[in-house]
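Student: Here's a structure for you.
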2 protein chains.
Amino acid sequence: MPKPEPRLAADPIAEAHRQWVEHGWGDAADGMAAITSLMRAHQIALSRVEAVLRPFDVTFARYEVLMLLYLSKRRSLPMRTIGSRLQVHQTSVTNAVDRLEAAGLVVRRAHPTDRRATLVELTRAGLALAERATAALNEQVFADPGLSASSVGTLVNVLRRMRRDAGDF
Amino acid sequence: MPKPEPRLAADPIAEAHRQWVEHGWGDAADGMAAITSLMRAHQIALSRVEAVLRPFDVTFARYEVLMLLYLSKRRSLPMRTIGSRLQVHQTSVTNAVDRLEAAGLVVRRAHPTDRRATLVELTRAGLALAERATAALNEQVFADPGLSASSVGTLVNVLRRMRRDAGDF
DNA sequence: TCAATATAGTAGGACATCCGACTATCTGAT
DNA sequence: ATCAGATAGTCGGATGTCCTACTATATTGA
C-alpha cells in the first residue's frame with residue numbers, strides 16, 4: 001500500500017492570522033500577515049538567487065556591489081556611495097569589497113581629491129563576471145520571478161510606497 | 001541661509017530598471033525590480049521589527065520561536081517541528097533555542113516517546129515576554145505596517161501564490 | 001532478528017548584517 | 001588660522017542563516 005501523501009499543512013501565515021484574531025489582536029492581524037509574508041517571500045527569492053550565483057562564487061550581496069560598479073559611468077565608486085545606494089551599513093561594504101578584492105573582481109584605489117575616501121574599481125575579471133552572472137540571473141530568475149506579470153507590477157507598486165515612506169527616495 | 005535640503009536621488013529600483021532595459025535586458029527588468037523591491041522591503045520591515053523587540057532582548061528569529069510555542073496547544077514543540085513551521089534550517093533552530101534557553105525563556109525537555117527528539121517548552125518568563133513583545137509589535141508595527149489597508153491585502157495575496165509555488169503549503 | 005536507511009539534534013565553519021569604537025581627514029565657524 | 005564637529009573606512013564582536021559532517025535513535029525490509 002502506498003504511503004499516504006504527507007498532507008501539506010494549511011498556509012502557515014493564514015493560520016497565524018487566524019490565531020491573531022482569536023487572541024483579540026484582529027486590528028494587527030493583517031499587518032502581521034503582511035510583514036510575515038514579506039519575510040518569507042524574501043527568503044524564497046534570496047534562496048533562488050543565491051543558487052544561481054553559487055557557480056560564479058559570488059553572493060547576492062557581492063553581486064549587487066559588482067552591478068553598481070558595472071552600471072556606473074567610470075566603473076568605479078567610493079565605498080560610501082556603494083553603501084548609500086545599496087542601503088547597507090558601511091561595514092557591510094567593507095566586508096563585501098574585501099572579498100571581491102581578494103577574488104580579483106575589484107580593486108581599491110586612492111580617491112583623487114579626498115584622502116579619507118577609497119574608490120572601488122571594477123577589474124576586467126569583475127566586469128566579465130558581472131555580465132555572465134547577470135545573464136544567468138536574468139534567464140533563471142528575473143525572467144520568471146515566480147509571479148504573474150501583473151502580480152510583478154502590483155508588487156513593485158505596493159512596495160514602492162513602502163520604500164518611499166522609509167526614506168529611500 | 002538654511003543648508004539646501006539634500007536632493008534625494010530618484011528611486012534606485014526604478015533607476016536600475018531603466019538601466020536593465022537600456023542594456024537589452026528588458027524581458028528581465030520587471031522581475032529584477034520585483035525581486036529587488038522584495039529584498040529592500042524585507043530589510044525595512046525587519047529593521048522596524050527589530051527596533052521594537054530590542055528592549056525585550058530578543059530578535060525576530062527568537063520571537064518567532066516564542067510565538068510558535070505560545071500558540072501551540074501544550075506550549076511545547078519538538079525542535080524539528082519548529083524548523084518546519086518557520087521554514088528555517090535545523091541548525092538555526094538549535095541556535096535560537098540555545099539563546100532562548102540561556103535567557104530562561106524556554107527549556108529543553110526529553111521527548112516522552114522518541115529519544116532522538118527534544119521538546120522545547122515555554123517557561124513562565126517566556127510566556128510573559130511573548131505577550132509583552134506581541135503587544136508592542138502589534139501596536140508599533142503590525143497595526144500600521146507602512147502600507148494602506150488595501151495594499152496590505154494585495155501584498156498578502158500576491159505573496160501567497162509565490163509561497164505556494166515555492167512549496168510552503 | 002538484523003542490517004540498511006531515515007530522522008533528530010548538535011558541532012564547526014562560511015557569510016552577511018548591524019553596532020560601537022577608533023583613526024584619519026575634511027569643513028566650517030569663530 | 002584654528003579648533004570643534006562631521007565624514008570615510010576599518011576593526012572586533014554579536015547574531016542569524018545555511019552547509020557539511022557526525023552521533024544517537026527509529027524504522028523498515030529481507
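So you can find residues: chains in the C-alpha cells are A, B, ... in the order shown, residues in each start at 1, and ligands are numbered from 1 in order.
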Find the residues near segment 71-86 of chain A: any atom within 8 Å, counting only C-alpha atoms (C1' of nucleotides), skip ones fewer than 6 places away on the same chain, and give them as a ChimeraX atom specification.

Tutor: /A:64-65,92-94,111,117-122 /B:12,19 /D:8

Student: For DC11 of chain D, please output as a count of residues only all residues within 10 Å (counting only C-alpha atoms (C1' of nucleotides); exclusion window: fewer than 3 positions along the same chain).

Tutor: 3

Student: Pick out each residue of segment 46-165 of chain B that DSSP on the backbone tags as alpha helix (DSSP H); I need them as a VMD selection string.

Tutor: chain B and resid 46 to 53 60 to 70 79 to 86 90 to 102 124 to 137 149 to 165

Student: Tell me, as an MDAnalysis selection string, which residues lie within 12 Å of segment 54-62 of chain A, counting only C-alpha atoms (C1' of nucleotides); anything in the same chain fewer than 4 positions away does not count.

Tutor: (chainID A and resid 45:50 66:69 82:83 86:88 92:106 125:126 128:137) or (chainID B and resid 35:36 39) or (chainID C and resid 14:17)

Student: Could you name the residues that touch segment 149-162 of chain B at 7 Å or less, counting only C-alpha atoms (C1' of nucleotides), but leaving out those on the same chain fewer than 4 positions away, as a PyMOL selection string?

Tutor: (chain A and resi 30-31+33-34+37+41+146-147+151+155+158) or (chain B and resi 166)

Student: Got time to write the residues from that selection, N, CA and C atoms, as a PDB file, in the first residue's frame?

Tutor:
ATOM      1  N   ASP A  30      -3.791  41.709  10.026  1.00  0.00           N
ATOM      2  CA  ASP A  30      -3.447  41.897   8.617  1.00  0.00           C
ATOM      3  C   ASP A  30      -2.001  42.369   8.459  1.00  0.00           C
ATOM      4  N   GLY A  31      -1.624  43.294   9.293  1.00  0.00           N
ATOM      5  CA  GLY A  31      -0.249  43.797   9.227  1.00  0.00           C
ATOM      6  C   GLY A  31       0.750  42.694   9.544  1.00  0.00           C
ATOM      7  N   ALA A  33       0.339  39.552   9.023  1.00  0.00           N
ATOM      8  CA  ALA A  33       0.396  38.664   7.859  1.00  0.00           C
ATOM      9  C   ALA A  33       1.234  39.291   6.740  1.00  0.00           C
ATOM     10  N   ALA A  34       1.100  40.599   6.566  1.00  0.00           N
ATOM     11  CA  ALA A  34       1.855  41.264   5.501  1.00  0.00           C
ATOM     12  C   ALA A  34       3.355  41.212   5.783  1.00  0.00           C
ATOM     13  N   SER A  37       4.634  37.645   5.517  1.00  0.00           N
ATOM     14  CA  SER A  37       4.706  37.225   4.116  1.00  0.00           C
ATOM     15  C   SER A  37       5.958  37.783   3.446  1.00  0.00           C
ATOM     16  N   ALA A  41       8.776  35.596   1.701  1.00  0.00           N
ATOM     17  CA  ALA A  41       8.997  35.787   0.266  1.00  0.00           C
ATOM     18  C   ALA A  41      10.439  36.189   0.007  1.00  0.00           C
ATOM     19  N   GLY A 146       8.493  33.885 -10.536  1.00  0.00           N
ATOM     20  CA  GLY A 146       7.565  33.105  -9.706  1.00  0.00           C
ATOM     21  C   GLY A 146       6.270  33.837  -9.431  1.00  0.00           C
ATOM     22  N   LEU A 147       5.993  34.813 -10.256  1.00  0.00           N
ATOM     23  CA  LEU A 147       4.766  35.598 -10.106  1.00  0.00           C
ATOM     24  C   LEU A 147       4.251  35.912 -11.511  1.00  0.00           C
ATOM     25  N   SER A 151       1.095  40.451 -11.338  1.00  0.00           N
ATOM     26  CA  SER A 151       1.473  40.443  -9.926  1.00  0.00           C
ATOM     27  C   SER A 151       2.804  41.133  -9.699  1.00  0.00           C
ATOM     28  N   LEU A 155       3.215  44.124  -7.176  1.00  0.00           N
ATOM     29  CA  LEU A 155       4.163  44.029  -6.069  1.00  0.00           C
ATOM     30  C   LEU A 155       5.102  45.221  -6.047  1.00  0.00           C
ATOM     31  N   VAL A 158       3.226  48.367  -4.868  1.00  0.00           N
ATOM     32  CA  VAL A 158       2.923  48.378  -3.435  1.00  0.00           C
ATOM     33  C   VAL A 158       4.184  48.649  -2.622  1.00  0.00           C
TER      34      VAL A 158
ATOM     35  N   ALA B 166       6.433  27.935  -4.105  1.00  0.00           N
ATOM     36  CA  ALA B 166       7.713  27.515  -3.533  1.00  0.00           C
ATOM     37  C   ALA B 166       7.532  26.276  -2.662  1.00  0.00           C
TER      38      ALA B 166
END

Student: Using only C-alpha atoms (C1' of nucleotides), select each residue of chain D with any atom at most 12 Å away from an atom of chain A, and give the selection as a short mmCIF file (atom, residue, chain, number, x, y, z; two decimals) with C-alpha atoms (C1' of nucleotides), in the first residue's frame.

Tutor:
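Writing done, so here's iface-v3.cif:
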data_model
loop_
_atom_site.label_atom_id
_atom_site.label_comp_id
_atom_site.auth_asym_id
_atom_site.auth_seq_id
_atom_site.Cartn_x
_atom_site.Cartn_y
_atom_site.Cartn_z
"C1'" DT D 7 32.59 62.24 7.37
"C1'" DA D 8 35.16 57.91 5.25
"C1'" DG D 9 36.83 53.49 6.39
"C1'" DT D 10 38.30 49.70 9.23
"C1'" DC D 11 38.23 46.55 13.22
"C1'" DG D 12 36.22 43.45 16.54
"C1'" DT D 17 21.33 31.66 8.13
"C1'" DC D 18 22.98 27.92 5.58
#

Student: Using only C-alpha atoms (C1' of nucleotides), which residues of chain C come within 9 Å of chain B, and what is the closest atom pair for each, with the distance in Å to one decimal? Give it as a tab-separated table, sorted by chain and residue number.

Tutor:
residue	atom	partner	partner_atom	distance
C:DT7	C1'	B:Arg116	CA	8.3
C:DA8	C1'	B:Arg116	CA	5.1
C:DG9	C1'	B:Ala117	CA	7.3
C:DT10	C1'	B:Thr94	CA	7.6

Student: Deliver the residues from the most recent selection as a file, using C-alpha atoms (C1' of nucleotides), as a PDB file, in the first residue's frame.

Tutor:
ATOM      1  C1'  DT C   7      15.411  11.096  11.107  1.00  0.00           C
ATOM      2  C1'  DA C   8      16.513  14.410  15.310  1.00  0.00           C
ATOM      3  C1'  DG C   9      19.935  17.288  17.082  1.00  0.00           C
ATOM      4  C1'  DT C  10      24.421  19.267  17.628  1.00  0.00           C
TER       5       DT C  10
END

Student: Can you work out the spacing between atom CA of His23 of chain A and atom CA of Arg40 of chain A in Å, to one decimal?

Tutor: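 Rounded to one decimal, the two atoms are 22.9 Å apart.
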
Student: I'd like the contact shell of DT2 of chain D - 12 Å cut-off, only C-alpha atoms (C1' of nucleotides), skipping same-chain residues fewer than 2 positions apart - returned as a list in words.

Tutor: DG28, DA29 and DT30 of chain C; DA4 of chain D

Student: From the DSSP assignment of the backbone, select every residue of segment 2-164 of chain A that is strand (DSSP E), and format the answer as a ChimeraX atom specification.

Tutor: /A:76-78,106-110,118-122

Student: From the set B:His42, B:Arg124, B:Arg18, B:Arg109, which residue has the shortest atom-to-atom contact distance to chain A, counting only C-alpha atoms?

Tutor: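 Using only C-alpha atoms, chain A sits closest to B:His42.
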
Student: For chain A, which residue out of B:Gln43, B:Ala28, B:Arg108, B:Gly167 is the nearest one, using only C-alpha atoms?

Tutor: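 Once distances to chain A are computed over only C-alpha atoms, the minimum belongs to B:Ala28.
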
Student: Enter the distance from atom C1' of DA26 of chain D to atom C1' of DA4 of chain C, in Å, rounded to one decimal.

Tutor: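 These atoms are spaced 12.5 Å apart.
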
Student: Can you tell me how far atom CA of Thr123 of chain A sits from atom CA of Ile13 of chain B, in Å to one decimal?

Tutor: 24.6 Å

Student: Choose the residue, out of B:Asp27, B:Pro112, B:Tyr63, B:Leu53, that has the smallest atom-to-atom separation from chain A; count only C-alpha atoms.

Tutor: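 So, comparing all the options, the nearest one is B:Asp27.
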